Amino acid sequence: MEFEVQKYQCHNHEYLIYDCNRNDYEFGAREARVMCSQSIGVTARKILVGPVLRKDDMTLSIYNPDGTVAEPQLEDIKVFAKYLEDAGYDRTCRSDSGLSCDSEEIRKVCKMAFFENFIEKYNLKRVN
C-alpha cells in the first residue's frame with residue numbers, strides 16, 4: 001500500500017494535498033510535521049487534508065508545516081477547489097462563489113507516492 005500526496009502551486013506558494021478518501025492512512029498534525037521535516041524535504045505553505053464528506057457537506061482540515069491547525073484563507077480554498085475539480089469530485093465549479101477553478105494561477109506540480117519503508121519508518125497508522 002502507498003501513501004500519496006499531491007503538490008499544487010498558487011502565486012509561488014506550494015500546497016500539499018492529502019486526499020483522505022483515496023488513502024488509507026490517518027493524517028493530522030504529526031504527519032504534517034513529518035512531511036515538511038528536513039529528513040523528508042518537502043516544502044509547502046500549507047497542507048490541505050480532505051475532502052471529508054458528510055451528508056450534503058464537504059469540508060477539509062488545514063495544517064501549517066509545523067503541524068498547527070491553520071485558519072482557511074481564500075487562496076487555500078481556491079487551491080482545494082482546483083484539486084477537487086482535477087480529481088473528479090466537482091465537475092462544475094460555481095462561478096458565483098468566486099472560486100475560479102480554471103484559474104491559470106493554480107496548477108498541479110506533481111504527485112508523490114511513499115511506500116512501505118516510509119510508512120513503517122514514520123509509523124503511519126491506517127484509518128480504522
# chains A, B, ... in the order shown; residues from 1 in each chain; ligands from 1
call {"tool": "closest_atom_pairs", "arguments": {"of": "segment 52-96 of chain A", "to": "segment 106-112 of chain A", "cutoff": "12 Å", "atoms": "only C-alpha atoms", "output": "tab-separated table"}}
result
residue	atom	partner	partner_atom	distance
A:Glu75	CA	A:Ile106	CA	9.5
A:Asp76	CA	A:Ile106	CA	10.6
A:Ile77	CA	A:Ile106	CA	11.3
A:Lys78	CA	A:Ile106	CA	8.1
A:Val79	CA	A:Ile106	CA	6.5
A:Phe80	CA	A:Ile106	CA	9.8
A:Ala81	CA	A:Ile106	CA	10.0
A:Lys82	CA	A:Ile106	CA	7.2
A:Tyr83	CA	A:Lys108	CA	8.0
A:Leu84	CA	A:Lys108	CA	11.6
A:Glu85	CA	A:Lys108	CA	11.5
A:Asp86	CA	A:Lys108	CA	8.8
A:Ala87	CA	A:Lys108	CA	10.9
call {"tool": "select_by_dssp", "arguments": {"residues": "segment 41-98 of chain A", "states": "helix (DSSP H, G or I)", "output": "VMD selection string"}}
result
chain A and resid 74 to 87 95 to 97
call {"tool": "closest_residue", "arguments": {"among": "A:Leu124, A:Glu4, A:Arg45, A:Glu105", "to": "Cys20 of chain A", "atoms": "only C-alpha atoms"}}
result
A:Glu4
call {"tool": "select_by_dssp", "arguments": {"residues": "segment 2-127 of chain A", "states": "strand (DSSP E)", "output": "VMD selection string"}}
result
chain A and resid 3 to 10 13 to 19 46 to 54 57 to 63 106 to 114
call {"tool": "atom_distance", "arguments": {"atom1": "atom CA of Pro72 of chain A", "atom2": "atom CA of Met35 of chain A"}}
result
19.8 Å
call {"tool": "residues_around", "arguments": {"residues": "segment 125-127 of chain A", "least_positions_apart": "2", "cutoff": "12 Å", "atoms": "only C-alpha atoms", "output": "list in words"}}
result
Met1, Glu2, Phe3, Cys20, Asn21, Arg22, Asn23, Asp24, Tyr25, Glu26, Phe27, Gly28, Arg30, Glu31, Glu116, Phe118, Ile119, Glu120, Lys121, Tyr122 and Asn123 of chain A
call {"tool": "atom_distance", "arguments": {"atom1": "atom CA of Lys7 of chain A", "atom2": "atom CA of Val42 of chain A"}}
result
9.5 Å
call {"tool": "residues_around", "arguments": {"residues": "Thr68 of chain A", "least_positions_apart": "2", "cutoff": "9 Å", "atoms": "only C-alpha atoms", "output": "PDB file with C-alpha atoms, in the first residue's frame"}}
result
ATOM      1  CA  ALA A  29      -0.541  17.397  12.903  1.00  0.00           C
ATOM      2  CA  ALA A  32       2.133  17.357   8.573  1.00  0.00           C
ATOM      3  CA  ARG A  33       5.343  17.826  10.571  1.00  0.00           C
ATOM      4  CA  ILE A  62      -5.645  22.733   7.016  1.00  0.00           C
ATOM      5  CA  TYR A  63      -2.246  22.417   8.689  1.00  0.00           C
ATOM      6  CA  ASN A  64       0.841  24.593   8.748  1.00  0.00           C
ATOM      7  CA  PRO A  65       4.182  22.824   8.158  1.00  0.00           C
ATOM      8  CA  ASP A  66       4.821  22.808  11.926  1.00  0.00           C
ATOM      9  CA  ALA A  70      -4.457  26.838  10.175  1.00  0.00           C
TER      10      ALA A  70
END
call {"tool": "residues_around", "arguments": {"residues": "His13 of chain A", "least_positions_apart": "5", "cutoff": "9 Å", "atoms": "only C-alpha atoms", "output": "list of chain:residue names"}}
result
A:Tyr8, A:Ala44, A:Arg45, A:Lys46
call {"tool": "closest_residue", "arguments": {"among": "A:Cys10, A:Ala113, A:Val34, A:Ile17", "to": "Gly67 of chain A", "atoms": "only C-alpha atoms"}}
result
A:Val34
